[in-house]
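Beneath this line is the structure, given in structure tokens, with notes to follow.
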Amino acid sequence: MPSRTIRPADISRLREALNGAVIAPDDAGYDEARRAWNGLIDRRPGVMVRPADVDDVATALRLGREWDVEIALRSGAHSPTGHSSTVGGLVIDMAGMRGVAVDAERRTARVNGGALLGELDVAAQAHGLVCPVGVIGHTGVAGLTLGGGVGRLQRQFGLTIDNLRAVELVTADGRVVRASENEEPDLFWAIRGAGANFGIVTAFEFELQPFAGVLHRGIRIYRGSDAQAVWTAVRDFAPSMPSALTCIMAIGRAEPIDEYPESIAGQPIVVVGYSHCGNAADVERDTAALRAGPKPVVVNEASLPYLDVQTAHDLAMGFGHRSIIESAYANDVAPSAIDALLDHAATAPDGASFSITVQGGAIARVADDAMAYTGRDAAFDLSADGSWDDPSLDTANSVWIDRALEIVAPDLTIGRYVNGCTRDGAEQVRAIYGDAKLARLQALKRTWDPDNVFRRNFNIEPQS
Ligand SMILES: Cc1cc2nc3c(=O)[nH]c(=O)nc-3n(C[C@H](O)[C@H](O)[C@H](O)COP(=O)(O)OP(=O)(O)OC[C@H]3O[C@@H](n4cnc5c(N)ncnc54)[C@H](O)[C@@H]3O)c2cc1C
């Protein structure tokens with residue numbers, strides 16, 4: 001553990017040494033700068049630095065290590081656990097190193113370590129290209145990619161890490177290292193799924209995919225009493241679902257009530273959402289199985305520009321809401337669990353729900369042992385989520401999420417998506433990677449970060 005916190009002399013030293021900004025607790029912008037996405041997180045770092053370049057990153061890291069203070073890395077600050085901050089230590093905030101450069105001819109993008117998803121989406125689409133990333137524009141490319149990267153295009157184009165060709169990072173010993181399939185391949189294996197543990201990534205190189213930039217989307221809202229029939233339709237369709245189609249089924253409550261028809265307002269409901277990234281002419285055929293079965297109470301279908309969809313929820317999912325998200329993989333969900341989840345939804349705090357996302361497609365075409373990321377063979381990603389603003393509802397949300405996970409516990413298979421977890425600890429880390437990958441990661445951690453400098457993350461402890 002670190003032996004001390006940041007002192008005034010350290011702040012002066014950082015101001016002398018760095019080209020980028022240094023933000024101390026007395027500075028006017030400190031409270032804004034330290035704000036985490038999750039309103040549950042309120043940590044006061046000893047100092048925050050915003051490196052202007054790779055040298056600044058290496059200098060800040062060297063000084064932080066010399067002083068033996070805790071070091072946290074921050075890009076988009078979306079870690080629901082608050083890993084991108086520290087109490088009293090040093091935050092290396094990559095917000096001073098944003099920016100994306102696209103090489104349209106080679107179909108690649110070079111993305112700086114502090115860039116946000118929206119920058120990459122806009123830069124790639126300017127050339128009719130895309131990198132499959134997440135669904136909210138202000139998420140950091142770094143945290144999302146280093147964990148895996150799921151979103152609306154992954155069944156067609158693979159996880160974000162499947163499109164990652166190389167990274168440049170500053171390692172714990174201060175070296176600038178490039179990792180790819182041919183350069184430090186073991187490190188590159190670890191970075192794709194457990195990347196926050198192995199260094200400070202200053203640049204990513206992605207392969208881009210041609211994409212016309214239109215999503216055909218649908219939302220179908222059903223009465224809770226139709227849950228079994230809707231689940232049967234989704235489950236039976238999942239193995240043969242076209243790769244162009246992404247599908248999620250959620251069980252929750254129709255709240256706020258003024259946004260739903262009277263017949264379901266306030267009641268448990270089932271929602272099926274889909275996105276189709278292929279030709280408009282194929283959508284009806286490709287979604288026919290989702291449209292068979294019970295009659296929905298609400299149907300919304302539209303074809304929209306990809307860039308509009310990618311930012312549509314940026315405001316609603318803005319900084320400051322309180323949030324817990326806990327996800328896990330499964331190959332099936334028992335009908336009794338669907339019934340129990342529906343009963344549980346009746347008691348859901350406003351903003352809490354349970355979702356089942358269909359995996360497969362291009363995600364499953366890469367071997368599970370190809371990267372540290374674990375779980376791509378599972379048929380479904382399950383997730384219990386809560387989002388609320390009133391602190392008096394903290395316990396209710398937490399308890400509701402735990403119970404939802406208990407309901408599906410018998411169905412769970414190996415692995416959890418590291419970016420879909422909030423609760424921390426050694427047990428969670430083992431559940432994320434499974435025993436075999438965790439052992440390999442611990443050995444690699446010993447090679448690349450034996451002193452566990454990078455520990456503000458779902459931490460891989462170096463092999464002893
Ligand atoms: C509103 C919202 C929407 C989301 N949507 C999706 C989604 O669609 N798909 C998906 O896959 N995930 C999604 N996530 C989860 C998201 O991918 C993770 O929370 C991710 O870690 C966020 O990355 P960040 O850079 O914003 O976060 P940060 O909090 O800045 O960092 C997260 C982790 O990455 C480490 N880190 C940050 N920068 C670097 C760096 N340059 N080098 C090395 N390590 C670094 C930090 O130490 C920390 O452990 C979402 C999260 C939120 C809050």
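By convention in this document, the chains of the structure tokens carry letters A, B, ... by their order, each chain's residues are numbered from 1, and ligands are numbered from 1 in the order they are shown.
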Item to check | Within 7 Å of range 338-355 of chain A using only C-alpha atoms, minus same-chain residues under 2 positions, as a count of residues only | outcome: 27
Item to check | 6 Å shell around ligand 1 using only C-alpha atoms and all ligand atoms, listed as a ChimeraX atom specification | outcome: /A:72-80,83-84,113,134-136,139-144,149-151,196,199-202,317,419,456-457
Write out, as an mmCIF file, in the first residue's frame, the residues just selected, with N, CA and C atoms.
```
data_model
loop_
_atom_site.group_PDB
_atom_site.id
_atom_site.type_symbol
_atom_site.label_atom_id
_atom_site.label_comp_id
_atom_site.auth_asym_id
_atom_site.auth_seq_id
_atom_site.Cartn_x
_atom_site.Cartn_y
_atom_site.Cartn_z
ATOM 1 N N ALA A 72 -3.859 6.836 -9.946
ATOM 2 C CA ALA A 72 -5.068 6.405 -10.680
ATOM 3 C C ALA A 72 -5.004 6.983 -12.087
ATOM 4 N N LEU A 73 -5.547 6.228 -13.050
ATOM 5 C CA LEU A 73 -5.561 6.656 -14.453
ATOM 6 C C LEU A 73 -6.985 6.984 -14.849
ATOM 7 N N ARG A 74 -7.117 8.076 -15.582
ATOM 8 C CA ARG A 74 -8.469 8.509 -15.945
ATOM 9 C C ARG A 74 -8.514 8.901 -17.416
ATOM 10 N N SER A 75 -9.549 8.390 -18.117
ATOM 11 C CA SER A 75 -9.787 8.856 -19.492
ATOM 12 C C SER A 75 -11.191 9.448 -19.551
ATOM 13 N N GLY A 76 -12.219 8.596 -19.665
ATOM 14 C CA GLY A 76 -13.585 9.137 -19.707
ATOM 15 C C GLY A 76 -14.246 9.205 -18.336
ATOM 16 N N ALA A 77 -13.597 8.676 -17.299
ATOM 17 C CA ALA A 77 -14.104 8.713 -15.910
ATOM 18 C C ALA A 77 -15.417 7.951 -15.724
ATOM 19 N N HIS A 78 -15.688 6.971 -16.590
ATOM 20 C CA HIS A 78 -16.958 6.246 -16.503
ATOM 21 C C HIS A 78 -16.899 5.025 -15.599
ATOM 22 N N SER A 79 -15.739 4.701 -15.066
ATOM 23 C CA SER A 79 -15.665 3.536 -14.183
ATOM 24 C C SER A 79 -16.727 3.674 -13.097
ATOM 25 N N PRO A 80 -17.735 2.782 -13.068
ATOM 26 C CA PRO A 80 -18.765 2.930 -12.036
ATOM 27 C C PRO A 80 -18.211 2.667 -10.644
ATOM 28 N N HIS A 83 -12.657 3.654 -10.166
ATOM 29 C CA HIS A 83 -11.248 3.287 -10.266
ATOM 30 C C HIS A 83 -10.381 4.425 -10.803
ATOM 31 N N SER A 84 -10.980 5.376 -11.517
ATOM 32 C CA SER A 84 -10.161 6.434 -12.106
ATOM 33 C C SER A 84 -9.930 7.591 -11.139
ATOM 34 N N GLY A 113 -4.753 8.469 -26.144
ATOM 35 C CA GLY A 113 -5.175 7.754 -24.935
ATOM 36 C C GLY A 113 -6.329 8.373 -24.177
ATOM 37 N N GLY A 134 -18.782 1.547 -27.887
ATOM 38 C CA GLY A 134 -19.937 1.485 -27.003
ATOM 39 C C GLY A 134 -21.041 2.430 -27.432
ATOM 40 N N VAL A 135 -22.041 2.568 -26.589
ATOM 41 C CA VAL A 135 -23.286 3.217 -27.005
ATOM 42 C C VAL A 135 -23.459 4.645 -26.489
ATOM 43 N N ILE A 136 -22.510 5.135 -25.711
ATOM 44 C CA ILE A 136 -22.619 6.496 -25.164
ATOM 45 C C ILE A 136 -21.358 7.279 -25.550
ATOM 46 N N THR A 139 -18.120 8.183 -23.229
ATOM 47 C CA THR A 139 -17.307 7.123 -22.591
ATOM 48 C C THR A 139 -15.872 7.217 -23.140
ATOM 49 N N GLY A 140 -14.900 6.902 -22.325
ATOM 50 C CA GLY A 140 -13.512 6.941 -22.775
ATOM 51 C C GLY A 140 -13.178 5.749 -23.669
ATOM 52 N N VAL A 141 -12.457 6.012 -24.755
ATOM 53 C CA VAL A 141 -11.988 4.914 -25.613
ATOM 54 C C VAL A 141 -11.093 3.986 -24.792
ATOM 55 N N ALA A 142 -10.289 4.584 -23.908
ATOM 56 C CA ALA A 142 -9.293 3.779 -23.183
ATOM 57 C C ALA A 142 -9.956 2.720 -22.306
ATOM 58 N N GLY A 143 -10.755 3.156 -21.347
ATOM 59 C CA GLY A 143 -11.353 2.193 -20.422
ATOM 60 C C GLY A 143 -12.200 1.166 -21.163
ATOM 61 N N LEU A 144 -12.984 1.631 -22.115
ATOM 62 C CA LEU A 144 -13.863 0.716 -22.864
ATOM 63 C C LEU A 144 -13.043 -0.323 -23.618
ATOM 64 N N GLY A 149 -15.112 -3.840 -24.984
ATOM 65 C CA GLY A 149 -15.851 -2.972 -25.892
ATOM 66 C C GLY A 149 -17.032 -3.639 -26.564
ATOM 67 N N VAL A 150 -18.227 -3.460 -25.965
ATOM 68 C CA VAL A 150 -19.451 -3.999 -26.573
ATOM 69 C C VAL A 150 -20.383 -2.850 -26.958
ATOM 70 N N GLY A 151 -21.217 -3.094 -27.974
ATOM 71 C CA GLY A 151 -22.124 -2.040 -28.426
ATOM 72 C C GLY A 151 -23.042 -2.518 -29.522
ATOM 73 N N ALA A 196 -6.280 -2.229 -18.119
ATOM 74 C CA ALA A 196 -6.045 -1.169 -17.131
ATOM 75 C C ALA A 196 -4.948 -1.556 -16.145
ATOM 76 N N GLY A 199 -0.339 -0.694 -17.776
ATOM 77 C CA GLY A 199 0.388 0.504 -18.188
ATOM 78 C C GLY A 199 -0.580 1.623 -18.495
ATOM 79 N N ILE A 200 -0.010 2.755 -18.927
ATOM 80 C CA ILE A 200 -0.849 3.906 -19.281
ATOM 81 C C ILE A 200 -0.853 3.979 -20.801
ATOM 82 N N VAL A 201 -1.975 3.639 -21.401
ATOM 83 C CA VAL A 201 -2.024 3.615 -22.861
ATOM 84 C C VAL A 201 -2.124 5.052 -23.373
ATOM 85 N N THR A 202 -1.169 5.414 -24.224
ATOM 86 C CA THR A 202 -1.151 6.783 -24.765
ATOM 87 C C THR A 202 -1.705 6.829 -26.182
ATOM 88 N N MET A 317 -27.718 9.941 -19.966
ATOM 89 C CA MET A 317 -26.706 9.128 -19.268
ATOM 90 C C MET A 317 -25.513 9.994 -18.864
ATOM 91 N N ASN A 419 -16.033 -4.483 -17.771
ATOM 92 C CA ASN A 419 -16.635 -3.148 -17.857
ATOM 93 C C ASN A 419 -18.115 -3.167 -17.508
ATOM 94 N N ARG A 456 -5.521 0.638 -9.317
ATOM 95 C CA ARG A 456 -6.859 1.217 -9.277
ATOM 96 C C ARG A 456 -7.618 0.689 -10.496
ATOM 97 N N ASN A 457 -8.084 -0.541 -10.382
ATOM 98 C CA ASN A 457 -8.729 -1.254 -11.481
ATOM 99 C C ASN A 457 -9.268 -2.569 -10.900
#
```
Checklist entry - Hey, what's within 7 Å of Val299 in chain A if we count only C-alpha atoms and toss same-chain stuff fewer than 6 positions away? As a list of chain:residue names, please? => result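 Non-adjacent residues within range: A:Ile219, A:Arg220, A:Ile221.
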Give me the residues near range 19-33 of chain A as a PDB file with N, CA, C and O atoms, in the first residue's frame, where near means some atom within 8 Å (using only C-alpha atoms) and where sequence neighbours in that chain fewer than 3 positions away do not count.
```pdb
ATOM      1  N   ILE A  11       3.208  19.062  -5.550  1.00  0.00           N
ATOM      2  CA  ILE A  11       2.412  19.801  -6.542  1.00  0.00           C
ATOM      3  C   ILE A  11       3.315  20.812  -7.258  1.00  0.00           C
ATOM      4  O   ILE A  11       3.279  20.945  -8.488  1.00  0.00           O
ATOM      5  N   LEU A  14       5.476  18.970  -9.737  1.00  0.00           N
ATOM      6  CA  LEU A  14       4.732  18.590 -10.948  1.00  0.00           C
ATOM      7  C   LEU A  14       4.553  19.806 -11.856  1.00  0.00           C
ATOM      8  O   LEU A  14       4.662  19.714 -13.078  1.00  0.00           O
ATOM      9  N   ARG A  15       4.308  20.964 -11.241  1.00  0.00           N
ATOM     10  CA  ARG A  15       4.103  22.191 -12.049  1.00  0.00           C
ATOM     11  C   ARG A  15       5.383  22.545 -12.796  1.00  0.00           C
ATOM     12  O   ARG A  15       5.333  23.008 -13.939  1.00  0.00           O
ATOM     13  N   ARG A  44     -11.367  12.630  -3.311  1.00  0.00           N
ATOM     14  CA  ARG A  44     -10.565  13.857  -3.416  1.00  0.00           C
ATOM     15  C   ARG A  44      -9.094  13.469  -3.587  1.00  0.00           C
ATOM     16  O   ARG A  44      -8.390  13.190  -2.618  1.00  0.00           O
ATOM     17  N   PRO A  45      -8.642  13.470  -4.850  1.00  0.00           N
ATOM     18  CA  PRO A  45      -7.225  13.171  -5.075  1.00  0.00           C
ATOM     19  C   PRO A  45      -6.334  14.282  -4.499  1.00  0.00           C
ATOM     20  O   PRO A  45      -6.785  15.425  -4.348  1.00  0.00           O
ATOM     21  N   GLY A  46      -5.084  13.938  -4.224  1.00  0.00           N
ATOM     22  CA  GLY A  46      -4.123  14.950  -3.748  1.00  0.00           C
ATOM     23  C   GLY A  46      -3.794  15.927  -4.858  1.00  0.00           C
ATOM     24  O   GLY A  46      -3.571  17.123  -4.612  1.00  0.00           O
ATOM     25  N   VAL A  47      -3.785  15.440  -6.081  1.00  0.00           N
ATOM     26  CA  VAL A  47      -3.535  16.299  -7.237  1.00  0.00           C
ATOM     27  C   VAL A  47      -3.950  15.533  -8.498  1.00  0.00           C
ATOM     28  O   VAL A  47      -3.917  14.293  -8.517  1.00  0.00           O
ATOM     29  N   MET A  48      -4.351  16.300  -9.521  1.00  0.00           N
ATOM     30  CA  MET A  48      -4.648  15.698 -10.834  1.00  0.00           C
ATOM     31  C   MET A  48      -3.731  16.352 -11.864  1.00  0.00           C
ATOM     32  O   MET A  48      -3.546  17.569 -11.833  1.00  0.00           O
ATOM     33  N   VAL A  49      -3.188  15.539 -12.751  1.00  0.00           N
ATOM     34  CA  VAL A  49      -2.375  16.116 -13.832  1.00  0.00           C
ATOM     35  C   VAL A  49      -3.000  15.724 -15.168  1.00  0.00           C
ATOM     36  O   VAL A  49      -3.599  14.653 -15.297  1.00  0.00           O
ATOM     37  N   ARG A  50      -2.869  16.618 -16.131  1.00  0.00           N
ATOM     38  CA  ARG A  50      -3.359  16.317 -17.484  1.00  0.00           C
ATOM     39  C   ARG A  50      -2.172  16.392 -18.435  1.00  0.00           C
ATOM     40  O   ARG A  50      -1.859  17.458 -18.989  1.00  0.00           O
ATOM     41  N   PRO A  51      -1.465  15.281 -18.615  1.00  0.00           N
ATOM     42  CA  PRO A  51      -0.273  15.280 -19.464  1.00  0.00           C
ATOM     43  C   PRO A  51      -0.591  15.824 -20.856  1.00  0.00           C
ATOM     44  O   PRO A  51      -1.671  15.566 -21.397  1.00  0.00           O
ATOM     45  N   ALA A  52       0.395  16.572 -21.404  1.00  0.00           N
ATOM     46  CA  ALA A  52       0.231  17.108 -22.765  1.00  0.00           C
ATOM     47  C   ALA A  52       0.777  16.130 -23.789  1.00  0.00           C
ATOM     48  O   ALA A  52       0.453  16.208 -24.965  1.00  0.00           O
ATOM     49  N   ASP A  53       1.655  15.225 -23.352  1.00  0.00           N
ATOM     50  CA  ASP A  53       2.298  14.302 -24.296  1.00  0.00           C
ATOM     51  C   ASP A  53       2.834  13.080 -23.536  1.00  0.00           C
ATOM     52  O   ASP A  53       2.705  12.990 -22.309  1.00  0.00           O
ATOM     53  N   ASP A  56       5.203  13.719 -20.646  1.00  0.00           N
ATOM     54  CA  ASP A  56       4.505  14.133 -19.421  1.00  0.00           C
ATOM     55  C   ASP A  56       3.950  12.922 -18.674  1.00  0.00           C
ATOM     56  O   ASP A  56       3.994  12.849 -17.444  1.00  0.00           O
ATOM     57  N   GLY A  96      -6.011  15.642 -21.479  1.00  0.00           N
ATOM     58  CA  GLY A  96      -5.158  16.556 -22.258  1.00  0.00           C
ATOM     59  C   GLY A  96      -4.633  15.890 -23.523  1.00  0.00           C
ATOM     60  O   GLY A  96      -3.947  16.531 -24.331  1.00  0.00           O
TER      61      GLY A  96
END
```
Next on the checklist: For the structure I just gave you, how does DSSP split range 183-266 of chain A - specifically, which residues are alpha helix (DSSP H)? Reply as a list in words.
Outcome noted: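 Restricting range 183-266 of chain A to alpha helix (DSSP H) produces Pro185, Asp186, Leu187, Phe188, Trp189, Ala190, Ile191, Arg192, Gly193, Ala194, Ala227, Gln228, Ala229, Val230, Trp231, Thr232, Ala233, Val234, Arg235, Asp236 and Phe237 of chain A.
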For those residues, write C-alpha atoms to a file as a CSV table (one decimal), in the first residue's frame.
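This went into again.csv:
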```csv
chain,number,residue,atom,x,y,z
A,185,PRO,CA,2.4,-10.4,-28.0
A,186,ASP,CA,1.8,-11.6,-24.5
A,187,LEU,CA,1.4,-8.1,-23.3
A,188,PHE,CA,-1.0,-7.4,-26.2
A,189,TRP,CA,-3.0,-10.6,-25.1
A,190,ALA,CA,-3.3,-9.2,-21.6
A,191,ILE,CA,-4.2,-5.7,-22.7
A,192,ARG,CA,-7.2,-6.9,-24.6
A,193,GLY,CA,-9.5,-7.5,-21.6
A,194,ALA,CA,-7.3,-6.6,-18.6
A,227,ALA,CA,-42.5,-12.5,-20.6
A,228,GLN,CA,-42.2,-16.3,-21.1
A,229,ALA,CA,-43.4,-16.1,-24.7
A,230,VAL,CA,-41.1,-13.2,-25.5
A,231,TRP,CA,-38.1,-14.9,-23.9
A,232,THR,CA,-38.8,-18.1,-25.8
A,233,ALA,CA,-38.8,-16.2,-29.1
A,234,VAL,CA,-35.5,-14.4,-28.3
A,235,ARG,CA,-33.8,-17.5,-27.0
A,236,ASP,CA,-34.9,-19.7,-29.9
A,237,PHE,CA,-33.9,-17.1,-32.4
```
Checklist outcome for this item: Between A:Ser243, A:Asn163, A:Gln310, A:Thr374, smallest distance to Asp286 in chain A by only C-alpha atoms belongs to A:Ser243
Checklist outcome for this item: Closest of A:Gln156, A:Thr108, A:Asn279, A:Thr447 to Phe206 in chain A, counting only C-alpha atoms, is A:Thr108
At a cut-off of 8 Å, using only C-alpha atoms, what residues contact Leu159 in chain A? Leave out same-chain residues fewer than 6 positions from it and give the result as a PDB file with N, CA and C atoms, in the first residue's frame.
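As a result, result.pdb now contains:
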```
ATOM      1  N   PRO A 132     -16.301  -0.514 -34.108  1.00  0.00           N
ATOM      2  CA  PRO A 132     -17.390  -0.845 -33.185  1.00  0.00           C
ATOM      3  C   PRO A 132     -17.005  -0.481 -31.751  1.00  0.00           C
ATOM      4  N   VAL A 133     -17.730   0.457 -31.158  1.00  0.00           N
ATOM      5  CA  VAL A 133     -17.417   0.869 -29.780  1.00  0.00           C
ATOM      6  C   VAL A 133     -18.686   0.761 -28.939  1.00  0.00           C
ATOM      7  N   GLY A 148     -12.704  -4.512 -23.319  1.00  0.00           N
ATOM      8  CA  GLY A 148     -13.296  -5.336 -24.379  1.00  0.00           C
ATOM      9  C   GLY A 148     -14.035  -4.523 -25.420  1.00  0.00           C
ATOM     10  N   GLY A 149     -15.112  -3.840 -24.984  1.00  0.00           N
ATOM     11  CA  GLY A 149     -15.851  -2.972 -25.892  1.00  0.00           C
ATOM     12  C   GLY A 149     -17.032  -3.639 -26.564  1.00  0.00           C
ATOM     13  N   VAL A 150     -18.227  -3.460 -25.965  1.00  0.00           N
ATOM     14  CA  VAL A 150     -19.451  -3.999 -26.573  1.00  0.00           C
ATOM     15  C   VAL A 150     -20.383  -2.850 -26.958  1.00  0.00           C
ATOM     16  N   ALA A 362     -20.024 -12.188 -34.752  1.00  0.00           N
ATOM     17  CA  ALA A 362     -18.566 -12.023 -34.869  1.00  0.00           C
ATOM     18  C   ALA A 362     -17.864 -12.132 -33.515  1.00  0.00           C
ATOM     19  N   ILE A 363     -18.578 -11.850 -32.428  1.00  0.00           N
ATOM     20  CA  ILE A 363     -17.963 -11.934 -31.085  1.00  0.00           C
ATOM     21  C   ILE A 363     -17.482 -13.364 -30.842  1.00  0.00           C
TER      22      ILE A 363
END
```
